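Novice: Structure file coords-v7.tsv, TSV, C-alpha atoms and all ligand atoms, is pasted below:
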```tsv
chain	number	residue	atom	x	y	z
A	1	MET	CA	106.64	86.70	123.10
A	2	SER	CA	106.44	86.99	126.84
A	3	LEU	CA	103.63	84.80	128.11
A	4	ASP	CA	103.02	86.68	131.31
A	5	LEU	CA	101.95	89.95	129.68
A	6	PRO	CA	98.21	90.67	129.70
A	7	PHE	CA	98.18	91.86	126.09
A	8	ALA	CA	99.11	90.30	122.76
A	9	THR	CA	102.55	91.13	121.39
A	10	LEU	CA	103.76	90.57	117.85
A	11	PRO	CA	106.50	88.07	117.07
A	12	THR	CA	109.62	89.40	115.34
A	13	PRO	CA	109.74	88.04	111.80
A	14	THR	CA	112.69	85.80	110.97
A	15	ASP	CA	113.33	87.41	107.64
A	16	TRP	CA	113.03	91.16	107.34
A	17	ASP	CA	114.66	94.17	105.72
A	18	ARG	CA	117.25	95.23	108.27
A	19	GLY	CA	117.90	98.62	106.68
A	20	GLY	CA	116.28	101.66	108.22
A	21	LEU	CA	114.90	104.80	106.62
A	22	PRO	CA	117.29	106.34	104.09
A	23	ALA	CA	119.73	108.87	105.52
A	24	TRP	CA	118.41	111.76	103.41
A	25	THR	CA	115.07	111.67	105.27
A	26	TYR	CA	116.93	112.77	108.43
A	27	HIS	CA	117.93	116.17	107.11
A	28	SER	CA	115.36	117.11	104.47
A	29	ASP	CA	113.25	120.21	105.10
A	30	ALA	CA	110.60	118.91	102.71
A	31	ILE	CA	110.29	115.65	104.68
A	32	PHE	CA	110.11	117.68	107.86
A	33	ALA	CA	107.18	119.69	106.49
A	34	LEU	CA	105.36	116.45	105.56
A	35	GLU	CA	106.03	115.01	109.02
A	36	ARG	CA	104.61	118.16	110.58
A	37	ASP	CA	101.26	117.72	108.83
A	38	HIS	CA	101.02	113.92	108.51
A	39	VAL	CA	102.80	112.68	111.62
A	40	PHE	CA	102.73	115.26	114.41
A	41	LEU	CA	99.86	117.74	114.17
A	42	ASN	CA	97.29	115.10	113.20
A	43	HIS	CA	98.24	112.49	115.82
A	44	TRP	CA	97.55	112.45	119.55
A	45	GLN	CA	100.13	114.18	121.71
A	46	VAL	CA	100.37	114.00	125.47
A	47	ALA	CA	100.53	117.41	127.11
A	48	GLY	CA	100.14	116.79	130.83
A	49	HIS	CA	97.99	115.28	133.54
A	50	LEU	CA	94.81	116.42	135.25
A	51	SER	CA	96.89	116.99	138.39
A	52	ASP	CA	98.78	119.72	136.51
A	53	VAL	CA	95.56	121.76	136.36
A	54	PRO	CA	93.77	120.93	139.62
A	55	ALA	CA	91.64	124.08	140.06
A	56	PRO	CA	89.46	126.30	137.81
A	57	GLY	CA	91.70	128.76	135.97
A	58	ASP	CA	94.77	126.50	136.10
A	59	TRP	CA	96.36	126.12	132.69
A	60	LEU	CA	99.14	124.39	130.81
A	61	SER	CA	100.45	125.38	127.42
A	62	PHE	CA	101.64	123.08	124.67
A	63	ASP	CA	103.43	124.33	121.55
A	64	LEU	CA	104.13	122.14	118.56
A	65	LEU	CA	105.47	123.09	115.14
A	66	GLY	CA	103.87	126.51	114.86
A	67	GLU	CA	100.65	125.53	116.63
A	68	ARG	CA	100.07	126.54	120.23
A	69	ALA	CA	97.54	125.17	122.67
A	70	VAL	CA	96.34	126.14	126.10
A	71	ILE	CA	94.73	123.53	128.33
A	72	MET	CA	92.43	125.20	130.82
A	73	ARG	CA	90.27	123.96	133.70
A	74	GLY	CA	86.92	125.78	133.54
A	75	GLN	CA	84.70	127.07	136.36
A	76	ASP	CA	82.61	123.95	135.78
A	77	GLY	CA	85.62	121.72	136.52
A	78	LEU	CA	85.95	120.51	132.94
A	79	VAL	CA	89.34	120.59	131.24
A	80	ARG	CA	89.36	121.94	127.68
A	81	ALA	CA	91.99	122.80	125.10
A	82	PHE	CA	92.04	125.88	122.86
A	83	HIS	CA	94.38	127.41	120.37
A	84	ASN	CA	96.47	129.88	122.38
A	85	LEU	CA	95.61	132.55	119.88
A	86	CYS	CA	93.52	135.63	120.56
A	87	ARG	CA	90.72	136.10	118.07
A	88	HIS	CA	91.53	139.81	117.80
A	89	ARG	CA	95.06	139.72	116.39
A	90	GLY	CA	96.47	136.37	117.39
A	91	ALA	CA	98.46	137.16	120.55
A	92	ARG	CA	99.05	134.40	123.04
A	93	VAL	CA	96.24	134.67	125.58
A	94	VAL	CA	98.48	133.01	128.16
A	95	ASP	CA	102.26	133.09	128.19
A	96	GLY	CA	104.64	130.52	129.69
A	97	PRO	CA	104.48	126.78	130.31
A	98	GLN	CA	101.92	126.78	133.14
A	99	GLY	CA	99.92	129.22	135.25
A	100	GLN	CA	96.64	130.33	136.75
A	101	CYS	CA	93.97	132.77	135.55
A	102	ARG	CA	91.61	134.32	138.07
A	103	GLY	CA	88.11	133.92	136.74
A	104	ALA	CA	88.91	135.03	133.19
A	105	ILE	CA	91.56	134.96	130.48
A	106	VAL	CA	92.68	138.48	129.63
A	107	CYS	CA	94.68	138.85	126.43
A	108	PRO	CA	97.86	140.80	127.21
A	109	PHE	CA	97.84	142.70	123.88
A	110	HIS	CA	94.63	144.80	123.99
A	111	GLY	CA	92.71	143.20	126.81
A	112	TRP	CA	90.01	141.10	125.19
A	113	VAL	CA	88.47	138.99	127.96
A	114	TYR	CA	87.55	135.31	127.60
A	115	ASN	CA	85.73	133.04	130.05
A	116	LEU	CA	87.59	129.98	131.28
A	117	ASP	CA	85.55	127.86	128.85
A	118	GLY	CA	87.03	129.83	125.95
A	119	THR	CA	83.96	131.91	125.12
A	120	LEU	CA	84.54	135.61	124.51
A	121	ARG	CA	83.22	137.74	127.36
A	122	GLY	CA	84.00	140.90	125.51
A	123	PRO	CA	86.59	143.02	123.74
A	124	ALA	CA	88.18	146.05	125.38
A	125	ARG	CA	86.48	149.28	124.20
A	126	PRO	CA	83.57	147.35	122.62
A	127	GLU	CA	82.08	150.54	121.16
A	128	SER	CA	85.11	150.78	118.85
A	129	PHE	CA	84.05	147.63	116.97
A	130	GLY	CA	80.55	148.72	115.91
A	131	GLU	CA	78.24	145.74	115.52
A	132	MET	CA	80.07	142.58	116.57
A	133	ALA	CA	78.75	139.01	116.92
A	134	ARG	CA	80.67	137.97	120.04
A	135	ASP	CA	79.94	134.28	119.64
A	136	GLU	CA	81.99	134.26	116.44
A	137	PHE	CA	85.12	135.17	118.39
A	138	HIS	CA	85.47	132.42	120.96
A	139	LEU	CA	88.87	130.80	121.39
A	140	LYS	CA	89.10	127.97	118.87
A	141	PRO	CA	88.73	124.55	120.52
A	142	ILE	CA	91.23	121.72	120.10
A	143	GLU	CA	90.32	118.05	120.39
A	144	LEU	CA	91.21	116.74	123.86
A	145	GLU	CA	90.98	113.34	125.52
A	146	VAL	CA	91.91	112.13	128.99
A	147	PHE	CA	93.30	108.61	129.49
A	148	HIS	CA	93.84	107.57	133.12
A	149	GLY	CA	94.43	111.21	134.02
A	150	PHE	CA	96.82	111.98	131.17
A	151	ILE	CA	95.72	114.78	128.88
A	152	PHE	CA	96.10	114.22	125.14
A	153	LEU	CA	95.34	116.64	122.38
A	154	ARG	CA	95.30	116.58	118.63
A	155	PHE	CA	95.58	119.78	116.62
A	156	PHE	CA	93.95	118.41	113.50
A	157	PRO	CA	91.96	115.25	112.65
A	158	GLY	CA	94.06	112.25	111.70
A	159	PRO	CA	94.10	108.50	111.15
A	160	GLN	CA	94.18	107.41	114.80
A	161	PRO	CA	90.97	106.46	116.62
A	162	SER	CA	90.43	107.72	120.18
A	163	VAL	CA	93.27	107.48	122.69
A	164	ALA	CA	91.11	105.05	124.67
A	165	GLN	CA	91.00	102.74	121.64
A	166	VAL	CA	94.67	103.09	120.72
A	167	MET	CA	95.83	102.54	124.30
A	168	ALA	CA	93.20	99.89	125.17
A	169	PRO	CA	95.77	97.07	125.61
A	170	PHE	CA	97.42	99.20	128.34
A	171	ASP	CA	94.19	100.06	130.12
A	172	ALA	CA	94.57	97.48	132.90
A	173	ASP	CA	98.22	98.38	133.52
A	174	PHE	CA	97.53	102.12	133.83
A	175	ALA	CA	94.68	101.27	136.21
A	176	ALA	CA	96.96	98.99	138.26
A	177	TYR	CA	99.49	101.81	138.57
A	178	ARG	CA	96.62	104.15	139.57
A	179	ALA	CA	97.85	106.59	136.95
A	180	GLU	CA	94.72	108.68	137.35
A	181	ALA	CA	95.62	109.52	140.95
A	182	VAL	CA	99.28	110.53	140.54
A	183	LEU	CA	100.31	114.06	141.37
A	184	SER	CA	102.53	116.40	139.48
A	185	VAL	CA	106.02	116.70	140.97
A	186	GLY	CA	106.84	120.37	141.56
A	187	ALA	CA	108.75	121.95	138.66
A	188	ALA	CA	107.86	118.91	136.65
A	189	THR	CA	108.95	120.14	133.25
A	190	TRP	CA	112.43	119.46	131.97
A	191	MET	CA	113.67	120.39	128.56
A	192	THR	CA	116.77	119.82	126.45
A	193	ASP	CA	117.26	120.94	122.85
A	194	LEU	CA	119.49	118.74	120.70
A	195	PRO	CA	120.95	119.52	117.25
A	196	VAL	CA	119.45	116.39	115.68
A	197	ASN	CA	116.48	115.22	113.67
A	198	TRP	CA	113.72	113.89	115.93
A	199	LYS	CA	113.90	110.44	114.28
A	200	SER	CA	117.43	109.96	115.56
A	201	VAL	CA	116.16	110.43	119.11
A	202	ARG	CA	113.39	107.91	118.59
A	203	ASP	CA	115.75	105.45	116.84
A	204	VAL	CA	117.92	105.33	119.96
A	205	ASP	CA	114.95	105.07	122.31
A	206	ASN	CA	113.15	102.41	120.28
A	207	GLU	CA	115.56	99.59	121.02
A	208	GLY	CA	117.17	98.00	124.05
A	209	TYR	CA	120.06	96.40	122.16
A	210	HIS	CA	122.28	99.30	123.27
A	211	VAL	CA	121.50	99.00	127.00
A	212	ALA	CA	124.26	96.46	127.73
A	213	LEU	CA	127.06	98.74	126.50
A	214	ALA	CA	125.70	102.25	126.60
A	215	HIS	CA	123.80	102.28	129.90
A	216	PRO	CA	125.92	100.67	132.64
A	217	SER	CA	123.49	101.65	135.41
A	218	LEU	CA	120.41	100.37	133.62
A	219	GLN	CA	122.25	97.23	132.64
A	220	GLU	CA	123.09	96.64	136.26
A	221	LEU	CA	119.54	97.40	137.34
A	222	TYR	CA	117.53	95.32	134.87
A	223	GLY	CA	119.63	94.59	131.79
A	224	ARG	CA	119.50	90.80	132.23
A	225	ASP	CA	115.74	90.84	131.82
A	226	TYR	CA	115.02	93.83	129.59
A	227	ARG	CA	112.87	93.22	126.48
A	228	ASP	CA	111.11	95.36	123.86
A	229	HIS	CA	107.72	94.23	122.57
A	230	GLN	CA	105.82	95.40	119.52
A	231	LEU	CA	102.03	95.47	119.59
A	232	ALA	CA	99.55	95.90	116.77
A	233	GLY	CA	98.47	99.49	116.19
A	234	TRP	CA	100.38	102.53	117.30
A	235	ILE	CA	101.91	101.23	120.52
A	236	ASN	CA	104.85	99.33	121.94
A	237	PHE	CA	105.96	98.13	125.34
A	238	SER	CA	109.27	97.49	127.09
A	239	ARG	CA	110.02	96.11	130.50
A	240	GLY	CA	112.98	95.33	132.71
A	241	VAL	CA	112.63	93.50	136.02
A	242	PHE	CA	115.13	94.37	138.74
A	243	GLY	CA	116.04	93.09	142.19
A	244	ASP	CA	117.69	89.76	141.37
A	245	LYS	CA	121.11	91.34	141.99
A	246	PRO	CA	122.04	94.10	144.42
A	247	GLY	CA	124.04	96.22	141.97
A	248	ARG	CA	127.56	97.64	142.38
A	249	ARG	CA	126.89	101.29	141.57
A	250	TRP	CA	125.75	103.36	144.52
A	251	SER	CA	122.51	104.65	142.99
A	252	VAL	CA	121.50	101.21	141.67
A	253	ARG	CA	122.35	99.41	144.89
A	254	GLU	CA	120.48	101.94	147.04
A	255	TYR	CA	117.56	101.99	144.63
A	256	VAL	CA	117.19	98.20	144.64
A	257	LYS	CA	117.26	98.24	148.45
A	258	THR	CA	114.77	101.08	148.76
A	259	SER	CA	112.18	100.47	146.04
A	260	GLU	CA	108.92	98.93	147.20
A	261	ASP	CA	106.00	97.99	145.01
A	262	PRO	CA	102.76	99.79	145.80
A	263	PRO	CA	100.04	97.42	146.99
A	264	GLY	CA	98.05	95.61	144.34
A	265	LEU	CA	100.55	95.61	141.48
A	266	PRO	CA	99.98	92.52	139.31
A	267	PRO	CA	102.93	90.10	138.93
A	268	HIS	CA	104.00	91.33	135.49
A	269	LEU	CA	104.55	94.84	136.89
A	270	ALA	CA	106.21	93.81	140.15
A	271	LYS	CA	109.79	95.12	140.65
A	272	ALA	CA	109.77	96.42	137.12
A	273	TRP	CA	110.47	99.52	135.12
A	274	THR	CA	107.95	99.61	132.28
A	275	TYR	CA	107.75	101.77	129.16
A	276	TYR	CA	104.54	102.28	127.18
A	277	GLY	CA	105.22	103.86	123.80
A	278	LEU	CA	102.72	105.70	121.64
A	279	PHE	CA	103.36	106.75	118.05
A	280	PRO	CA	104.80	109.05	116.89
A	281	ALA	CA	107.20	110.00	119.69
A	282	MET	CA	106.08	109.59	123.29
A	283	VAL	CA	106.71	107.18	126.15
A	284	PHE	CA	105.10	106.67	129.56
A	285	ALA	CA	107.75	105.29	131.90
A	286	PHE	CA	106.54	103.74	135.15
A	287	THR	CA	108.56	102.61	138.14
A	288	PRO	CA	107.04	101.42	141.41
A	289	GLU	CA	107.55	105.00	142.68
A	290	GLY	CA	105.75	106.98	140.02
A	291	VAL	CA	105.51	107.78	136.34
A	292	GLN	CA	106.93	110.21	133.85
A	293	PHE	CA	106.18	110.81	130.24
A	294	TYR	CA	108.77	112.02	127.80
A	295	HIS	CA	108.53	112.95	124.16
A	296	GLU	CA	110.46	114.51	121.32
A	297	LEU	CA	109.03	117.71	119.94
A	298	PRO	CA	110.63	118.51	116.59
A	299	LEU	CA	111.65	122.14	116.12
A	300	SER	CA	113.17	121.85	112.64
A	301	ALA	CA	114.72	119.15	110.46
A	302	THR	CA	117.91	119.48	112.50
A	303	GLN	CA	116.68	120.56	115.95
A	304	THR	CA	114.61	118.62	118.50
A	305	ARG	CA	113.30	119.40	121.96
A	306	LEU	CA	113.36	116.57	124.49
A	307	THR	CA	110.90	117.20	127.28
A	308	GLY	CA	108.57	115.51	129.73
A	309	ARG	CA	106.81	115.67	133.06
A	310	GLN	CA	107.11	113.63	136.24
A	311	TYR	CA	104.49	112.42	138.70
A	312	ARG	CA	104.45	110.74	142.09
A	313	HIS	CA	101.99	108.77	144.15
A	314	ALA	CA	99.39	110.89	145.91
A	315	GLU	CA	100.32	109.50	149.31
A	316	GLU	CA	104.04	109.13	148.96
A	317	THR	CA	106.03	107.54	151.77
A	318	ARG	CA	109.54	108.73	152.69
A	319	LYS	CA	110.89	105.52	151.23
A	320	GLN	CA	109.07	106.01	147.94
A	321	ARG	CA	110.36	109.57	147.79
A	322	LEU	CA	113.92	108.39	148.28
A	323	ALA	CA	113.50	105.64	145.68
A	324	ARG	CA	112.09	108.20	143.25
A	325	TYR	CA	115.14	110.38	143.80
A	326	LEU	CA	117.47	107.42	143.16
A	327	ALA	CA	115.53	106.39	140.06
A	328	ALA	CA	115.83	109.96	138.76
A	329	ARG	CA	119.61	109.81	139.24
A	330	ILE	CA	119.79	106.61	137.19
A	331	ASP	CA	117.57	108.21	134.56
A	332	ARG	CA	119.69	111.34	134.42
A	333	ASP	CA	122.79	109.31	133.55
A	334	THR	CA	120.82	107.27	131.04
A	335	SER	CA	119.50	110.28	129.18
A	336	ALA	CA	122.93	111.90	128.97
A	337	GLU	CA	124.24	108.64	127.46
A	338	ASP	CA	121.35	108.48	124.99
A	339	GLN	CA	121.81	112.09	123.93
A	340	GLN	CA	125.39	111.42	122.85
A	341	LEU	CA	124.32	108.34	120.88
A	342	THR	CA	121.58	110.36	119.22
A	343	ILE	CA	124.05	113.00	118.10
A	344	TRP	CA	126.45	110.44	116.65
A	345	SER	CA	123.66	108.61	114.87
A	346	ASN	CA	122.32	111.80	113.36
A	347	GLU	CA	125.77	113.02	112.32
A	348	SER	CA	126.47	109.77	110.51
A	349	MET	CA	123.51	110.42	108.21
A	350	LYS	CA	125.47	113.20	106.55
A	351	SER	CA	128.61	111.15	105.91
A	352	GLN	CA	129.10	109.79	102.40
A	353	ALA	CA	130.51	106.66	104.00
A	354	PHE	CA	127.23	105.84	105.75
A	355	ASP	CA	125.53	102.86	104.11
A	356	GLY	CA	122.41	102.86	106.26
A	357	PHE	CA	121.46	100.74	109.26
A	358	HIS	CA	121.84	96.98	109.53
A	359	LEU	CA	119.46	96.15	112.35
A	360	SER	CA	119.44	93.27	114.81
A	361	ASP	CA	116.28	91.39	115.74
A	362	LEU	CA	116.62	93.26	119.04
A	363	GLU	CA	116.11	96.51	117.12
A	364	TYR	CA	112.87	95.52	115.43
A	365	GLY	CA	111.19	98.45	117.21
A	366	LEU	CA	112.98	100.82	114.83
A	367	ARG	CA	111.66	98.91	111.86
A	368	SER	CA	108.08	99.09	113.19
A	369	HIS	CA	108.38	102.82	113.76
A	370	HIS	CA	109.89	103.38	110.33
A	371	ASP	CA	107.11	101.30	108.76
A	372	ALA	CA	104.51	103.53	110.38
A	373	LEU	CA	106.31	106.60	109.04
A	374	ARG	CA	106.63	105.13	105.54
A	375	ALA	CA	102.89	104.45	105.49
A	376	LEU	CA	102.14	108.09	106.30
A	377	VAL	CA	104.91	109.68	104.22
A	378	PRO	CA	105.61	107.12	101.46
A	379	VAL	CA	108.24	109.25	99.71
A	380	MET	CA	110.51	108.07	102.55
A	381	THR	CA	110.67	104.68	100.85
A	382	LEU	CA	112.85	106.14	98.06
A	383	SER	CA	116.45	105.26	98.72
A	384	ALA	CA	117.87	108.16	96.67
A	385	PRO	CA	116.88	111.69	97.68
A	386	PRO	CA	114.51	113.32	95.19
A	387	ASN	CA	114.84	117.01	94.43
A	388	GLU	CA	113.58	118.81	97.59
A	389	ALA	CA	111.07	120.88	95.63
A	390	GLU	CA	109.56	117.72	94.11
A	391	ILE	CA	109.09	115.85	97.40
A	392	PRO	CA	105.55	117.08	98.26
A	393	ARG	CA	104.26	116.21	94.79
A	394	ILE	CA	105.93	112.79	94.67
A	395	ASN	CA	104.61	112.01	98.13
A	396	ALA	CA	101.06	113.05	97.18
A	397	GLU	CA	101.23	110.84	94.10
A	398	MET	CA	102.50	107.89	96.10
A	399	LEU	CA	99.69	108.36	98.63
A	400	CYS	CA	97.10	108.41	95.81
A	401	GLY	CA	98.64	105.39	94.17
A	402	GLY	CA	98.13	103.52	97.43
B	501	LIG	S1	95.43	140.43	120.20
B	501	LIG	FE1	94.31	139.91	121.97
B	501	LIG	S2	93.31	141.72	122.49
B	501	LIG	FE2	94.37	142.26	120.70
B	502	FE	FE	119.03	104.38	125.73
```
When written as structure tokens, how does the structure in this file appear?
Ligand code: FES
Ligand SMILES: [Fe+2]
Specialist:
Amino acid sequence: MSLDLPFATLPTPTDWDRGGLPAWTYHSDAIFALERDHVFLNHWQVAGHLSDVPAPGDWLSFDLLGERAVIMRGQDGLVRAFHNLCRHRGARVVDGPQGQCRGAIVCPFHGWVYNLDGTLRGPARPESFGEMARDEFHLKPIELEVFHGFIFLRFFPGPQPSVAQVMAPFDADFAAYRAEAVLSVGAATWMTDLPVNWKSVRDVDNEGYHVALAHPSLQELYGRDYRDHQLAGWINFSRGVFGDKPGRRWSVREYVKTSEDPPGLPPHLAKAWTYYGLFPAMVFAFTPEGVQFYHELPLSATQTRLTGRQYRHAEETRKQRLARYLAARIDRDTSAEDQQLTIWSNESMKSQAFDGFHLSDLEYGLRSHHDALRALVPVMTLSAPPNEAEIPRINAEMLCGG
């Protein structure tokens, strides 16, 4: 455990089961359906930042596994989330990743009009509905919470307490980075779809053991210092400190020369790239120049969308802008490298020769993540695949049996 961190981290046990989740859980449609309801839709998901919706009428959309949300800033300045689902016949009331409504939300199908707070102003041709209780047709609200400017939502109630409670150990760090004041970088959304199960993406991202071989630029930047840390609850933390060596690669060398810490960063964040993970599948990655979040949004048992958004300091200097550009170049190489590893890992799950993982102590993050999944979807503890049709029943019985 690193003594200079301001939060408690968990020691890695000396004796633990080094196998991961069984391979069949990476391509089972029945497991995917259970993950949808027990892992994704009922846990907090990050969808953006207040700076993505600065003015009344500004909106962001967020789709996940058949559910669709719109996050809207109201005339009163408050940010709310609703199901992006017209109460007339279910059309999307806004279309696209991000946009602006002038004064009202007008459904593009038949023109029902909603106020920016989600209440129904009125249907088109109201006389054609006879008696109608308008207040029964407001857009349906979705639970929303803001943590240091980041907007989280949860489609359905679940086992996690508030984001503020879950992320409490990171409170001081997010404050030190002034996360609340960052600004959205123009065209901040990026998106890549990969032909893999979402767990294979997370398995690669949840450990730094592969950095030395797979990520030459990152290794050069901070590989000598990089460490993953598990915390109690739903969170984890990783950090690599850079600057002790100039670096041979152009982007690393220029980055190390250019990067400057913003004033007031505490010692444990100085000259560091830090990663704050939140279950089930999201990471907030800070550098001295800004922050991005990235997450995996599962599309099916065999298809996953990698996406995220990037933010900069409100008063960005030319030097910070250049460093941010260089950091993004390093990141671009890193994600291409990770994507290949993810594909190989996921492919192996279908080979009859695959005997499962044998994890290093440096990969304990995978084990923690798998443990959290096994607690929510206990049928994943079975090493042999049950009949697909039986999986929901077996899982329900295992949950009841404690
Ligand atoms: S579905 Fe929205 S007005 Fe008809
Ligand atoms: Fe990686």
Novice: So that each row is one residue of segment 92-172 of chain A with an atom at most 12 Å from segment 294-318 of chain A, can you give its shortest atom pair and the distance in Å to one decimal, using only C-alpha atoms, rows by chain and rising number, as a tab-separated table?
Specialist:
```
residue	atom	partner	partner_atom	distance
A:Pro97	CA	A:Arg309	CA	11.7
A:Gly149	CA	A:Tyr311	CA	11.2
A:Phe150	CA	A:Tyr311	CA	10.8
A:Ile151	CA	A:Arg309	CA	11.9
```
Novice: With only C-alpha atoms and all ligand atoms counted, collect every polymer residue having an atom within 9 Å of ligand LIG 501 (chain B); state the result as a compact mmCIF listing (two decimals) with C-alpha atoms, in the frame of the given file.
Specialist:
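In the end it all went to out.txt:
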```txt
# COMPACT_ATOMS: atom_id res chain seq x y z
CA LEU A 85 95.61 132.55 119.88
CA CYS A 86 93.52 135.63 120.56
CA ARG A 87 90.72 136.10 118.07
CA HIS A 88 91.53 139.81 117.80
CA ARG A 89 95.06 139.72 116.39
CA GLY A 90 96.47 136.37 117.39
CA ALA A 91 98.46 137.16 120.55
CA ARG A 92 99.05 134.40 123.04
CA VAL A 93 96.24 134.67 125.58
CA VAL A 106 92.68 138.48 129.63
CA CYS A 107 94.68 138.85 126.43
CA PRO A 108 97.86 140.80 127.21
CA PHE A 109 97.84 142.70 123.88
CA HIS A 110 94.63 144.80 123.99
CA GLY A 111 92.71 143.20 126.81
CA TRP A 112 90.01 141.10 125.19
CA VAL A 113 88.47 138.99 127.96
CA PRO A 123 86.59 143.02 123.74
CA ALA A 124 88.18 146.05 125.38
```
Novice: Pick out the residues sitting within 9 Å of segment 56-73 of chain A, and hand them over as a PDB file with C-alpha atoms, in the frame of the given file; count only C-alpha atoms, and ignore anything fewer than 3 positions along from it in its own chain.
Specialist:
```
ATOM      1  CA  ARG A  36     104.610 118.160 110.580  1.00  0.00           C
ATOM      2  CA  PHE A  40     102.730 115.260 114.410  1.00  0.00           C
ATOM      3  CA  LEU A  41      99.860 117.740 114.170  1.00  0.00           C
ATOM      4  CA  ALA A  47     100.530 117.410 127.110  1.00  0.00           C
ATOM      5  CA  GLY A  48     100.140 116.790 130.830  1.00  0.00           C
ATOM      6  CA  LEU A  50      94.810 116.420 135.250  1.00  0.00           C
ATOM      7  CA  ASP A  52      98.780 119.720 136.510  1.00  0.00           C
ATOM      8  CA  VAL A  53      95.560 121.760 136.360  1.00  0.00           C
ATOM      9  CA  ASP A  76      82.610 123.950 135.780  1.00  0.00           C
ATOM     10  CA  GLY A  77      85.620 121.720 136.520  1.00  0.00           C
ATOM     11  CA  LEU A  78      85.950 120.510 132.940  1.00  0.00           C
ATOM     12  CA  VAL A  79      89.340 120.590 131.240  1.00  0.00           C
ATOM     13  CA  ARG A  80      89.360 121.940 127.680  1.00  0.00           C
ATOM     14  CA  ALA A  81      91.990 122.800 125.100  1.00  0.00           C
ATOM     15  CA  PHE A  82      92.040 125.880 122.860  1.00  0.00           C
ATOM     16  CA  HIS A  83      94.380 127.410 120.370  1.00  0.00           C
ATOM     17  CA  ASN A  84      96.470 129.880 122.380  1.00  0.00           C
ATOM     18  CA  LEU A  85      95.610 132.550 119.880  1.00  0.00           C
ATOM     19  CA  ARG A  92      99.050 134.400 123.040  1.00  0.00           C
ATOM     20  CA  VAL A  93      96.240 134.670 125.580  1.00  0.00           C
ATOM     21  CA  VAL A  94      98.480 133.010 128.160  1.00  0.00           C
ATOM     22  CA  ASP A  95     102.260 133.090 128.190  1.00  0.00           C
ATOM     23  CA  GLY A  96     104.640 130.520 129.690  1.00  0.00           C
ATOM     24  CA  PRO A  97     104.480 126.780 130.310  1.00  0.00           C
ATOM     25  CA  GLN A  98     101.920 126.780 133.140  1.00  0.00           C
ATOM     26  CA  GLY A  99      99.920 129.220 135.250  1.00  0.00           C
ATOM     27  CA  GLN A 100      96.640 130.330 136.750  1.00  0.00           C
ATOM     28  CA  CYS A 101      93.970 132.770 135.550  1.00  0.00           C
ATOM     29  CA  ARG A 102      91.610 134.320 138.070  1.00  0.00           C
ATOM     30  CA  GLY A 103      88.110 133.920 136.740  1.00  0.00           C
ATOM     31  CA  ALA A 104      88.910 135.030 133.190  1.00  0.00           C
ATOM     32  CA  ILE A 105      91.560 134.960 130.480  1.00  0.00           C
ATOM     33  CA  LEU A 116      87.590 129.980 131.280  1.00  0.00           C
ATOM     34  CA  ASP A 117      85.550 127.860 128.850  1.00  0.00           C
ATOM     35  CA  GLY A 118      87.030 129.830 125.950  1.00  0.00           C
ATOM     36  CA  ILE A 142      91.230 121.720 120.100  1.00  0.00           C
ATOM     37  CA  LEU A 144      91.210 116.740 123.860  1.00  0.00           C
ATOM     38  CA  ILE A 151      95.720 114.780 128.880  1.00  0.00           C
ATOM     39  CA  LEU A 153      95.340 116.640 122.380  1.00  0.00           C
ATOM     40  CA  PHE A 155      95.580 119.780 116.620  1.00  0.00           C
ATOM     41  CA  LEU A 297     109.030 117.710 119.940  1.00  0.00           C
ATOM     42  CA  PRO A 298     110.630 118.510 116.590  1.00  0.00           C
ATOM     43  CA  LEU A 299     111.650 122.140 116.120  1.00  0.00           C
ATOM     44  CA  SER A 300     113.170 121.850 112.640  1.00  0.00           C
TER      45      SER A 300
END
```
Novice: Pick out the residues no farther than 8 Å from ligand FE 502 (chain B), counting all atoms listed in the file, and list them as a VMD selection string.
Specialist: chain A and resid 204 to 205 207 to 208 210 to 211 214 to 215 334 to 335 337 to 338
Novice: Between A:Ala55, A:Val196, A:Val256, A:Ile330, single out the one closest to Ser28 of chain A, counting all atoms listed in the file.
Specialist: A:Val196
Novice: Just checking: using all atoms listed in the file, which residue out of A:Gly233, A:Pro6, A:Gly223, A:Pro22 ends up closest to Pro378 of chain A?
Specialist: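 Ranked by minimum distance to Pro378 of chain A, first place goes to A:Pro22.
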Novice: Closest to Gln292 of chain A among A:Ala389, A:Ala176, A:Leu265, A:Ala328, using only C-alpha atoms?
Specialist: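 Closest residue, counting only C-alpha atoms: A:Ala328.
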Novice: Interatomic distance between atom CA of His369 of chain A and atom CA of Leu221 of chain A?
Specialist: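 For atom CA of His369 of chain A relative to atom CA of Leu221 of chain A, the distance reads 26.6 Å.
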Novice: Looking at A:Ala336, A:Leu376, A:Tyr209, A:Asn115, which one is nearest to Ser360 of chain A, with distances taken over all atoms listed in the file?
Specialist: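 Comparing A:Ala336, A:Leu376, A:Tyr209, A:Asn115 against Ser360 of chain A, the winner is A:Tyr209.
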Novice: So that I can check the surroundings of Leu269 of chain A, please list as a PyMOL selection string every protein, DNA and RNA residue that reaches within 9 Å of it, counting all atoms listed in the file and ignoring chain neighbours fewer than 2 positions away.
Specialist: chain A and resi 173+176-177+239+241+261+265-267+271-274+287-288
Novice: Between A:Asn197, A:Ser351, A:Gln340, A:Thr14, which one has atoms that come closest to Ile31 of chain A, using all atoms listed in the file?
Specialist: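 Ranked by minimum distance to Ile31 of chain A, first place goes to A:Asn197.
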Novice: Counting only C-alpha atoms, figure out which residue out of A:Val146, A:Leu341, A:Val182, A:Ala232 gets nearest to Arg202 of chain A.
Specialist: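 Looking at the shortest contact to Arg202 of chain A, the residue is A:Leu341.
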